[in-house]
Amino acid sequence: MKTDIEIAQEAVMLPVKEVAASYGISEDDLELYGKYKAKLTDELWEQVKDRKNGKLVLVTAINPTPAGEGKTTTSVGLGDALSRLGKKTLIALREPSLGPCFGIKGGAAGGGYAQVVPMEDLNLHFTGDFHAITSANNLLAALLDNHIQQGNALGIDPRQILWKRCLDMNDRVLRNVVVGLGAKADGVVREDHFVITVASEIMAILCLAENMEDLKKRLGRIIVAYNYGGDPVTAEDLHAVGAMAALLKDALKPNLIQTLEHTGAIVHGGPFANIAHGCNSVRATRTALKLADIVVTEAGFGADLGAEKFMDIKCRMAGLKPDAVVLVATVRALKYNGGVPKTELKEENLEALRKGIVNLEKHIENLQKYGVPVVVTLNSFVTDTEKEYEFIRRFCEERGCEFALSEVWAKGGEGGKALAEKVLATLETKESHFAPIYPDEMSLKDKIATVAGEIYGADGVTYAPAAERALKRITEMGFGNMPVCMAKTQYSLSDDQSKLGRPTGFSINVRDAYVSAGAGFVVVLTGAIMTMPGLPKVPAAEGIDVNENGVITGLF
């Protein structure tokens, strides 16, 4: 079997103008980035905004394991399969971060014969959106430190600076740094921190902003620090908004590319779901819904993170309503959750499957709490057995879920037809009664307790003193009606990544919280979650190269 990058490089792509034309998008409504990438203009939105929305299908997954689940692969393959069945379909995805590309996870273009292309461009610099976000974030940091250096008219307390610098790279040594060392002219000495770009509030703001006016309002509300009197200092106070918006002008526009089978893919924004809200941009999803009969989108990591935030943050803010959810799993991942080592996952083991399927069961229950019909799909592996398939099929159907095997990795859209037919049947016969699981007016602590109890299955929540103080202060500042964005490990329903399956008898441990006033949510830090990841012992970067003809190898 060829590698993902070999398959992508052998693909015959259509000019993006032709892909756009199949959705009624004229060349005048594109800003071309070469032959195969384009941004969609603001004028296009004005033309289509009053059209009826298509159907919205969310793809999510069980908790990720080293065995792999293939959520993006499923999203792409499902989109191609729906196109093959005659439905005008668009895929709405997040952009990959360079950190995972060079780290352990790899890129986010899908896999096998279910990929979006150009794969190398997407996984590396793409259209420069992340660079723009990084620049805007760090401009604000520079203006903040310069303000303090130049007399500190706002009375900013250097011990209470919240705003962090960012970099789109896994670089653990930047988590905690000291800046301002040297001569007096080199700035005020203070402790500083870096987050990965996808955890920056600028990323969240870009993904939730409706237009430039809304973007600027959100940027202005960013709280960067507190003054000596304990009052918040904002980006607007620093007169930073105009310049930041100028850097983000083009990044605000969604990007259009294609799948290997020429289905359109709008790829825009990329917040991580374990440390941010995990969804592509509202602008991308809304535009896709006006251009297609069916939009397939995804949310990051497992349903306890990505899907929860899609429902409770993105849909709440944007007025979106998912019509169906596809929940992705693999036989291998379920056996891993049942205690089988990674080296033994190829062997049939119904007992381990019985133990591990409780993880899938919890995610089914969680999604059904939102009132949205669920279709479970298994990414097929050659080592799977019919007995394992039949056990999972019965398990899902007994819980009111449609079930289908997916072979999109090996067969592309053709391998996703069974899943696509189940999705279409669900859209035609089952109604979505979507509602978030908590109301705006609920207190922050009650919102946290609701997510912890209803979604994670926790017995309760414990709060470190810093978290208690932060939540009290956030509420007193008037932000208590915001949704909560839980920062938690993706590997477990709990905040302890070693607890696989469906853990019980645990508490969620909240160590701190802060308000992202511009994005419009409160970030709640649990367990040992890091906002700046590190590289593994053998980073993927070590296997990436480019030859004398400019052909890249080693990306996956």
# chains A, B, ... in the order shown; residues from 1 in each chain; ligands from 1
call {"tool": "select_by_dssp", "arguments": {"residues": "segment 376-526 of chain A", "states": "strand (DSSP E or B)", "output": "PyMOL selection string"}}
result
chain A and resi 376-379+402-406+460-463+484-487+507-516+521-526
call {"tool": "write_last_selection", "arguments": {"atoms": "C-alpha atoms", "output": "mmCIF file, in the first residue's frame"}}
result
data_model
loop_
_atom_site.group_PDB
_atom_site.id
_atom_site.type_symbol
_atom_site.label_atom_id
_atom_site.label_comp_id
_atom_site.auth_asym_id
_atom_site.auth_seq_id
_atom_site.Cartn_x
_atom_site.Cartn_y
_atom_site.Cartn_z
ATOM 1 C CA VAL A 376 -21.773 4.657 14.397
ATOM 2 C CA THR A 377 -19.129 3.702 11.852
ATOM 3 C CA LEU A 378 -16.119 1.434 12.115
ATOM 4 C CA ASN A 379 -13.011 2.146 10.103
ATOM 5 C CA GLU A 402 -27.542 3.127 12.836
ATOM 6 C CA PHE A 403 -24.341 1.238 12.051
ATOM 7 C CA ALA A 404 -22.091 0.952 8.995
ATOM 8 C CA LEU A 405 -18.617 -0.242 8.123
ATOM 9 C CA SER A 406 -16.330 2.267 6.441
ATOM 10 C CA GLY A 460 -17.751 15.394 41.261
ATOM 11 C CA VAL A 461 -15.345 18.275 40.733
ATOM 12 C CA THR A 462 -12.491 19.457 42.947
ATOM 13 C CA TYR A 463 -11.037 22.963 42.689
ATOM 14 C CA VAL A 484 -17.120 26.743 29.596
ATOM 15 C CA CYS A 485 -14.298 25.423 27.426
ATOM 16 C CA MET A 486 -12.816 22.437 29.244
ATOM 17 C CA ALA A 487 -9.084 21.863 28.752
ATOM 18 C CA SER A 507 -13.420 13.462 40.197
ATOM 19 C CA ILE A 508 -12.406 16.118 37.684
ATOM 20 C CA ASN A 509 -9.626 18.246 39.148
ATOM 21 C CA VAL A 510 -9.765 21.906 38.102
ATOM 22 C CA ARG A 511 -6.443 23.620 38.699
ATOM 23 C CA ASP A 512 -7.178 27.046 37.173
ATOM 24 C CA ALA A 513 -9.480 29.016 34.883
ATOM 25 C CA TYR A 514 -9.353 32.161 32.786
ATOM 26 C CA VAL A 515 -11.781 34.104 30.659
ATOM 27 C CA SER A 516 -11.358 34.434 26.909
ATOM 28 C CA PHE A 521 -15.988 31.461 26.784
ATOM 29 C CA VAL A 522 -14.249 30.565 30.049
ATOM 30 C CA VAL A 523 -11.319 28.155 29.756
ATOM 31 C CA VAL A 524 -11.170 25.591 32.552
ATOM 32 C CA LEU A 525 -7.807 23.843 33.021
ATOM 33 C CA THR A 526 -8.067 20.294 34.365
#
call {"tool": "residues_around", "arguments": {"residues": "His147 of chain A", "least_positions_apart": "2", "cutoff": "12 Å", "atoms": "only C-alpha atoms", "output": "PDB file with N, CA, C and O atoms, in the first residue's frame"}}
result
ATOM      1  N   LEU A 140       0.268  41.901  19.896  1.00  0.00           N
ATOM      2  CA  LEU A 140      -0.393  42.335  21.132  1.00  0.00           C
ATOM      3  C   LEU A 140       0.551  42.183  22.326  1.00  0.00           C
ATOM      4  O   LEU A 140       0.617  43.064  23.196  1.00  0.00           O
ATOM      5  N   ALA A 141       1.308  41.075  22.354  1.00  0.00           N
ATOM      6  CA  ALA A 141       2.276  40.885  23.439  1.00  0.00           C
ATOM      7  C   ALA A 141       3.355  41.969  23.416  1.00  0.00           C
ATOM      8  O   ALA A 141       3.740  42.502  24.465  1.00  0.00           O
ATOM      9  N   ALA A 142       3.827  42.299  22.211  1.00  0.00           N
ATOM     10  CA  ALA A 142       4.866  43.327  22.088  1.00  0.00           C
ATOM     11  C   ALA A 142       4.340  44.697  22.521  1.00  0.00           C
ATOM     12  O   ALA A 142       5.039  45.466  23.207  1.00  0.00           O
ATOM     13  N   LEU A 143       3.109  45.032  22.130  1.00  0.00           N
ATOM     14  CA  LEU A 143       2.516  46.308  22.518  1.00  0.00           C
ATOM     15  C   LEU A 143       2.316  46.391  24.033  1.00  0.00           C
ATOM     16  O   LEU A 143       2.484  47.455  24.646  1.00  0.00           O
ATOM     17  N   LEU A 144       1.955  45.259  24.620  1.00  0.00           N
ATOM     18  CA  LEU A 144       1.763  45.207  26.068  1.00  0.00           C
ATOM     19  C   LEU A 144       3.070  45.499  26.800  1.00  0.00           C
ATOM     20  O   LEU A 144       3.134  46.365  27.693  1.00  0.00           O
ATOM     21  N   ASP A 145       4.132  44.800  26.433  1.00  0.00           N
ATOM     22  CA  ASP A 145       5.414  45.021  27.103  1.00  0.00           C
ATOM     23  C   ASP A 145       5.974  46.410  26.806  1.00  0.00           C
ATOM     24  O   ASP A 145       6.606  47.029  27.673  1.00  0.00           O
ATOM     25  N   GLN A 149       7.090  49.443  29.382  1.00  0.00           N
ATOM     26  CA  GLN A 149       8.416  50.059  29.261  1.00  0.00           C
ATOM     27  C   GLN A 149       8.328  51.570  29.081  1.00  0.00           C
ATOM     28  O   GLN A 149       9.164  52.318  29.601  1.00  0.00           O
ATOM     29  N   GLN A 150       7.296  52.020  28.361  1.00  0.00           N
ATOM     30  CA  GLN A 150       7.207  53.442  28.007  1.00  0.00           C
ATOM     31  C   GLN A 150       6.439  54.267  29.029  1.00  0.00           C
ATOM     32  O   GLN A 150       5.895  55.317  28.705  1.00  0.00           O
ATOM     33  N   GLY A 151       6.379  53.826  30.275  1.00  0.00           N
ATOM     34  CA  GLY A 151       5.771  54.626  31.335  1.00  0.00           C
ATOM     35  C   GLY A 151       4.569  54.010  32.006  1.00  0.00           C
ATOM     36  O   GLY A 151       4.137  54.459  33.062  1.00  0.00           O
ATOM     37  N   ASN A 152       3.963  53.008  31.376  1.00  0.00           N
ATOM     38  CA  ASN A 152       2.867  52.244  31.982  1.00  0.00           C
ATOM     39  C   ASN A 152       1.719  53.138  32.442  1.00  0.00           C
ATOM     40  O   ASN A 152       1.298  53.122  33.605  1.00  0.00           O
ATOM     41  N   ALA A 153       1.192  53.922  31.508  1.00  0.00           N
ATOM     42  CA  ALA A 153       0.090  54.842  31.830  1.00  0.00           C
ATOM     43  C   ALA A 153      -1.155  54.117  32.325  1.00  0.00           C
ATOM     44  O   ALA A 153      -1.960  54.688  33.074  1.00  0.00           O
ATOM     45  N   LEU A 154      -1.327  52.864  31.929  1.00  0.00           N
ATOM     46  CA  LEU A 154      -2.511  52.101  32.350  1.00  0.00           C
ATOM     47  C   LEU A 154      -2.316  51.430  33.707  1.00  0.00           C
ATOM     48  O   LEU A 154      -3.234  50.796  34.225  1.00  0.00           O
ATOM     49  N   GLY A 155      -1.135  51.562  34.281  1.00  0.00           N
ATOM     50  CA  GLY A 155      -0.885  50.972  35.597  1.00  0.00           C
ATOM     51  C   GLY A 155      -0.942  49.454  35.592  1.00  0.00           C
ATOM     52  O   GLY A 155      -1.413  48.840  36.560  1.00  0.00           O
ATOM     53  N   ILE A 156      -0.460  48.829  34.520  1.00  0.00           N
ATOM     54  CA  ILE A 156      -0.498  47.367  34.409  1.00  0.00           C
ATOM     55  C   ILE A 156       0.423  46.748  35.452  1.00  0.00           C
ATOM     56  O   ILE A 156       1.583  47.147  35.601  1.00  0.00           O
ATOM     57  N   ASP A 157      -0.100  45.772  36.183  1.00  0.00           N
ATOM     58  CA  ASP A 157       0.684  45.063  37.185  1.00  0.00           C
ATOM     59  C   ASP A 157       1.440  43.928  36.486  1.00  0.00           C
ATOM     60  O   ASP A 157       0.810  42.966  36.014  1.00  0.00           O
ATOM     61  N   PRO A 158       2.764  43.996  36.379  1.00  0.00           N
ATOM     62  CA  PRO A 158       3.524  42.943  35.680  1.00  0.00           C
ATOM     63  C   PRO A 158       3.345  41.560  36.294  1.00  0.00           C
ATOM     64  O   PRO A 158       3.620  40.553  35.640  1.00  0.00           O
ATOM     65  N   GLY A 187      13.588  46.323  28.366  1.00  0.00           N
ATOM     66  CA  GLY A 187      12.274  46.006  28.888  1.00  0.00           C
ATOM     67  C   GLY A 187      12.292  45.658  30.356  1.00  0.00           C
ATOM     68  O   GLY A 187      13.344  45.594  31.000  1.00  0.00           O
ATOM     69  N   VAL A 188      11.086  45.433  30.894  1.00  0.00           N
ATOM     70  CA  VAL A 188      10.910  45.095  32.299  1.00  0.00           C
ATOM     71  C   VAL A 188      11.053  43.584  32.457  1.00  0.00           C
ATOM     72  O   VAL A 188      10.420  42.808  31.747  1.00  0.00           O
ATOM     73  N   ALA A 225      -4.327  41.749  30.912  1.00  0.00           N
ATOM     74  CA  ALA A 225      -3.686  41.884  32.226  1.00  0.00           C
ATOM     75  C   ALA A 225      -4.671  42.553  33.176  1.00  0.00           C
ATOM     76  O   ALA A 225      -5.787  42.926  32.781  1.00  0.00           O
ATOM     77  N   VAL A 233      -7.367  45.056  31.965  1.00  0.00           N
ATOM     78  CA  VAL A 233      -6.823  45.873  30.873  1.00  0.00           C
ATOM     79  C   VAL A 233      -7.019  45.087  29.583  1.00  0.00           C
ATOM     80  O   VAL A 233      -6.671  43.904  29.517  1.00  0.00           O
ATOM     81  N   ALA A 235      -7.158  44.682  25.077  1.00  0.00           N
ATOM     82  CA  ALA A 235      -6.435  45.024  23.850  1.00  0.00           C
ATOM     83  C   ALA A 235      -6.879  46.373  23.317  1.00  0.00           C
ATOM     84  O   ALA A 235      -6.077  47.125  22.741  1.00  0.00           O
ATOM     85  N   ASP A 237      -7.728  48.893  25.189  1.00  0.00           N
ATOM     86  CA  ASP A 237      -7.027  49.883  26.011  1.00  0.00           C
ATOM     87  C   ASP A 237      -5.616  50.146  25.481  1.00  0.00           C
ATOM     88  O   ASP A 237      -5.092  51.261  25.617  1.00  0.00           O
ATOM     89  N   LEU A 238      -5.012  49.125  24.868  1.00  0.00           N
ATOM     90  CA  LEU A 238      -3.655  49.254  24.334  1.00  0.00           C
ATOM     91  C   LEU A 238      -3.640  49.771  22.892  1.00  0.00           C
ATOM     92  O   LEU A 238      -2.578  49.860  22.277  1.00  0.00           O
ATOM     93  N   HIS A 239      -4.814  50.096  22.352  1.00  0.00           N
ATOM     94  CA  HIS A 239      -4.947  50.582  20.965  1.00  0.00           C
ATOM     95  C   HIS A 239      -4.338  49.591  19.966  1.00  0.00           C
ATOM     96  O   HIS A 239      -3.711  49.983  18.974  1.00  0.00           O
ATOM     97  N   ALA A 240      -4.566  48.297  20.237  1.00  0.00           N
ATOM     98  CA  ALA A 240      -3.960  47.245  19.420  1.00  0.00           C
ATOM     99  C   ALA A 240      -4.889  46.698  18.350  1.00  0.00           C
ATOM    100  O   ALA A 240      -4.443  45.992  17.438  1.00  0.00           O
TER     101      ALA A 240
END
call {"tool": "closest_residue", "arguments": {"among": "A:Phe506, A:Phe130, A:Trp409, A:Tyr226", "to": "Trp163 of chain A", "atoms": "only C-alpha atoms"}}
result
A:Tyr226
call {"tool": "residues_around", "arguments": {"residues": "segment 199-206 of chain A", "least_positions_apart": "6", "cutoff": "10 Å", "atoms": "only C-alpha atoms", "output": "ChimeraX atom specification"}}
result
/A:129-130,132-137,163-168,212,214-219,222,244,248,251-253,268-283,515-521,530-532
call {"tool": "atom_distance", "arguments": {"atom1": "atom CA of Glu308 of chain A", "atom2": "atom CA of Glu431 of chain A"}}
result
19.5 Å
call {"tool": "select_by_dssp", "arguments": {"residues": "segment 431-477 of chain A", "states": "alpha helix (DSSP H)", "output": "VMD selection string"}}
result
chain A and resid 444 to 450 465 to 476
call {"tool": "write_last_selection", "arguments": {"atoms": "C-alpha atoms", "output": "short mmCIF file (atom, residue, chain, number, x, y, z; two decimals), in the first residue's frame"}}
result
data_model
loop_
_atom_site.label_atom_id
_atom_site.label_comp_id
_atom_site.auth_asym_id
_atom_site.auth_seq_id
_atom_site.Cartn_x
_atom_site.Cartn_y
_atom_site.Cartn_z
CA LEU A 444 -19.82 28.56 35.92
CA LYS A 445 -19.35 25.92 38.60
CA ASP A 446 -22.67 24.31 37.71
CA LYS A 447 -21.70 24.29 34.02
CA ILE A 448 -18.41 22.61 34.88
CA ALA A 449 -20.23 20.09 37.07
CA THR A 450 -22.73 19.38 34.28
CA PRO A 465 -7.42 27.48 45.37
CA ALA A 466 -6.26 29.27 42.19
CA ALA A 467 -9.29 27.94 40.32
CA GLU A 468 -11.68 29.01 43.09
CA ARG A 469 -10.26 32.54 43.01
CA ALA A 470 -10.31 32.72 39.23
CA LEU A 471 -13.92 31.56 38.84
CA LYS A 472 -15.07 33.98 41.57
CA ARG A 473 -13.28 36.88 39.86
CA ILE A 474 -14.58 35.94 36.39
CA THR A 475 -18.13 35.82 37.71
CA GLU A 476 -17.76 39.16 39.49
#
call {"tool": "closest_residue", "arguments": {"among": "A:Gly302, A:Glu548, A:Ile161, A:Arg51", "to": "Thr234 of chain A", "atoms": "only C-alpha atoms"}}
result
A:Ile161
call {"tool": "atom_distance", "arguments": {"atom1": "atom CA of Gln115 of chain A", "atom2": "atom CA of Asn170 of chain A"}}
result
24.4 Å
call {"tool": "closest_residue", "arguments": {"among": "A:Ala435, A:Ile529, A:Lys314, A:Gly264", "to": "Ser83 of chain A", "atoms": "only C-alpha atoms"}}
result
A:Gly264
call {"tool": "closest_residue", "arguments": {"among": "A:Leu139, A:Ile437, A:Val57, A:Ala109", "to": "Ile313 of chain A", "atoms": "only C-alpha atoms"}}
result
A:Ile437
call {"tool": "atom_distance", "arguments": {"atom1": "atom CA of Lys417 of chain A", "atom2": "atom CA of Ile257 of chain A"}}
result
22.3 Å
call {"tool": "residues_around", "arguments": {"residues": "Pro539 of chain A", "least_positions_apart": "5", "cutoff": "8 Å", "atoms": "only C-alpha atoms", "output": "list in words"}}
result
Phe102, Gly103 and Ile104 of chain A
call {"tool": "residues_around", "arguments": {"residues": "Gly339 of chain A", "least_positions_apart": "2", "cutoff": "8 Å", "atoms": "only C-alpha atoms", "output": "NGL selection string"}}
result
:A and (335-337 or 341 or 352 or 355-356)
call {"tool": "decode", "arguments": {"residues": "segment 60-145 of chain A", "atoms": "C-alpha atoms", "output": "PDB file, in the first residue's frame"}}
result
ATOM      1  CA  THR A  60     -16.711  12.794  15.938  1.00  0.00           C
ATOM      2  CA  ALA A  61     -15.030   9.796  17.551  1.00  0.00           C
ATOM      3  CA  ILE A  62     -14.319   7.742  20.634  1.00  0.00           C
ATOM      4  CA  ASN A  63     -11.320   8.753  22.763  1.00  0.00           C
ATOM      5  CA  PRO A  64      -8.180   8.558  20.594  1.00  0.00           C
ATOM      6  CA  THR A  65      -5.781   5.652  21.078  1.00  0.00           C
ATOM      7  CA  PRO A  66      -2.393   4.695  19.592  1.00  0.00           C
ATOM      8  CA  ALA A  67      -4.363   2.257  17.417  1.00  0.00           C
ATOM      9  CA  GLY A  68      -5.908   5.173  15.499  1.00  0.00           C
ATOM     10  CA  GLU A  69      -9.534   6.014  14.705  1.00  0.00           C
ATOM     11  CA  GLY A  70      -9.495   8.002  11.441  1.00  0.00           C
ATOM     12  CA  LYS A  71     -11.965  10.804  12.073  1.00  0.00           C
ATOM     13  CA  THR A  72     -10.761  13.144   9.309  1.00  0.00           C
ATOM     14  CA  THR A  73     -10.372  10.199   6.930  1.00  0.00           C
ATOM     15  CA  THR A  74     -14.010   9.312   7.633  1.00  0.00           C
ATOM     16  CA  SER A  75     -15.153  12.910   7.139  1.00  0.00           C
ATOM     17  CA  VAL A  76     -13.450  13.118   3.751  1.00  0.00           C
ATOM     18  CA  GLY A  77     -14.556   9.669   2.626  1.00  0.00           C
ATOM     19  CA  LEU A  78     -18.144  10.297   3.708  1.00  0.00           C
ATOM     20  CA  GLY A  79     -18.169  13.549   1.753  1.00  0.00           C
ATOM     21  CA  ASP A  80     -16.937  11.762  -1.368  1.00  0.00           C
ATOM     22  CA  ALA A  81     -19.451   8.952  -0.891  1.00  0.00           C
ATOM     23  CA  LEU A  82     -22.341  11.414  -0.581  1.00  0.00           C
ATOM     24  CA  SER A  83     -21.117  13.112  -3.768  1.00  0.00           C
ATOM     25  CA  ARG A  84     -21.105   9.737  -5.528  1.00  0.00           C
ATOM     26  CA  LEU A  85     -24.725   9.266  -4.448  1.00  0.00           C
ATOM     27  CA  GLY A  86     -25.666  12.488  -6.207  1.00  0.00           C
ATOM     28  CA  LYS A  87     -25.774  14.850  -3.234  1.00  0.00           C
ATOM     29  CA  LYS A  88     -24.116  18.247  -3.550  1.00  0.00           C
ATOM     30  CA  THR A  89     -21.739  17.905  -0.620  1.00  0.00           C
ATOM     31  CA  LEU A  90     -19.091  20.132   0.944  1.00  0.00           C
ATOM     32  CA  ILE A  91     -16.628  19.169   3.649  1.00  0.00           C
ATOM     33  CA  ALA A  92     -15.754  21.741   6.336  1.00  0.00           C
ATOM     34  CA  LEU A  93     -12.526  20.951   8.197  1.00  0.00           C
ATOM     35  CA  ARG A  94      -9.913  22.542  10.436  1.00  0.00           C
ATOM     36  CA  GLU A  95      -6.455  23.491   9.244  1.00  0.00           C
ATOM     37  CA  PRO A  96      -3.561  21.400  10.584  1.00  0.00           C
ATOM     38  CA  SER A  97      -1.093  22.809  13.101  1.00  0.00           C
ATOM     39  CA  LEU A  98       2.624  22.500  12.421  1.00  0.00           C
ATOM     40  CA  GLY A  99       3.182  21.225  15.967  1.00  0.00           C
ATOM     41  CA  PRO A 100       1.533  17.815  15.453  1.00  0.00           C
ATOM     42  CA  CYS A 101       2.807  17.597  11.860  1.00  0.00           C
ATOM     43  CA  PHE A 102       6.381  17.571  13.151  1.00  0.00           C
ATOM     44  CA  GLY A 103       5.509  15.845  16.420  1.00  0.00           C
ATOM     45  CA  ILE A 104       3.642  12.592  16.906  1.00  0.00           C
ATOM     46  CA  LYS A 105       0.178  12.945  15.363  1.00  0.00           C
ATOM     47  CA  GLY A 106       1.120  13.970  11.835  1.00  0.00           C
ATOM     48  CA  GLY A 107      -1.056  16.102   9.587  1.00  0.00           C
ATOM     49  CA  ALA A 108      -4.797  16.442   9.251  1.00  0.00           C
ATOM     50  CA  ALA A 109      -5.578  15.879   5.579  1.00  0.00           C
ATOM     51  CA  GLY A 110      -7.213  12.470   6.026  1.00  0.00           C
ATOM     52  CA  GLY A 111      -5.547   9.272   4.885  1.00  0.00           C
ATOM     53  CA  GLY A 112      -5.288   6.657   2.163  1.00  0.00           C
ATOM     54  CA  TYR A 113      -7.761   7.364  -0.621  1.00  0.00           C
ATOM     55  CA  ALA A 114      -9.829   9.716   1.543  1.00  0.00           C
ATOM     56  CA  GLN A 115      -7.698  12.859   1.631  1.00  0.00           C
ATOM     57  CA  VAL A 116      -7.920  16.538   0.853  1.00  0.00           C
ATOM     58  CA  VAL A 117      -5.279  17.940  -1.480  1.00  0.00           C
ATOM     59  CA  PRO A 118      -2.812  19.566  -1.998  1.00  0.00           C
ATOM     60  CA  MET A 119      -1.777  17.570   1.064  1.00  0.00           C
ATOM     61  CA  GLU A 120       1.708  19.050   1.552  1.00  0.00           C
ATOM     62  CA  ASP A 121       0.479  22.631   1.259  1.00  0.00           C
ATOM     63  CA  LEU A 122      -2.350  22.039   3.713  1.00  0.00           C
ATOM     64  CA  ASN A 123      -0.116  20.405   6.312  1.00  0.00           C
ATOM     65  CA  LEU A 124       2.619  23.032   6.073  1.00  0.00           C
ATOM     66  CA  HIS A 125       2.090  26.759   5.436  1.00  0.00           C
ATOM     67  CA  PHE A 126      -1.186  26.545   3.456  1.00  0.00           C
ATOM     68  CA  THR A 127      -2.492  30.096   2.894  1.00  0.00           C
ATOM     69  CA  GLY A 128      -0.670  31.637   5.853  1.00  0.00           C
ATOM     70  CA  ASP A 129      -3.632  31.816   8.236  1.00  0.00           C
ATOM     71  CA  PHE A 130      -1.721  30.450  11.220  1.00  0.00           C
ATOM     72  CA  HIS A 131       1.194  32.791  10.564  1.00  0.00           C
ATOM     73  CA  ALA A 132      -1.224  35.723  10.598  1.00  0.00           C
ATOM     74  CA  ILE A 133      -2.750  34.538  13.881  1.00  0.00           C
ATOM     75  CA  THR A 134       0.697  34.075  15.418  1.00  0.00           C
ATOM     76  CA  SER A 135       1.718  37.561  14.286  1.00  0.00           C
ATOM     77  CA  ALA A 136      -1.430  39.205  15.652  1.00  0.00           C
ATOM     78  CA  ASN A 137      -1.016  37.404  18.979  1.00  0.00           C
ATOM     79  CA  ASN A 138       2.623  38.428  19.322  1.00  0.00           C
ATOM     80  CA  LEU A 139       1.978  42.002  18.191  1.00  0.00           C
ATOM     81  CA  LEU A 140      -0.393  42.335  21.132  1.00  0.00           C
ATOM     82  CA  ALA A 141       2.276  40.885  23.439  1.00  0.00           C
ATOM     83  CA  ALA A 142       4.866  43.327  22.088  1.00  0.00           C
ATOM     84  CA  LEU A 143       2.516  46.308  22.518  1.00  0.00           C
ATOM     85  CA  LEU A 144       1.763  45.207  26.068  1.00  0.00           C
ATOM     86  CA  ASP A 145       5.414  45.021  27.103  1.00  0.00           C
TER      87      ASP A 145
END
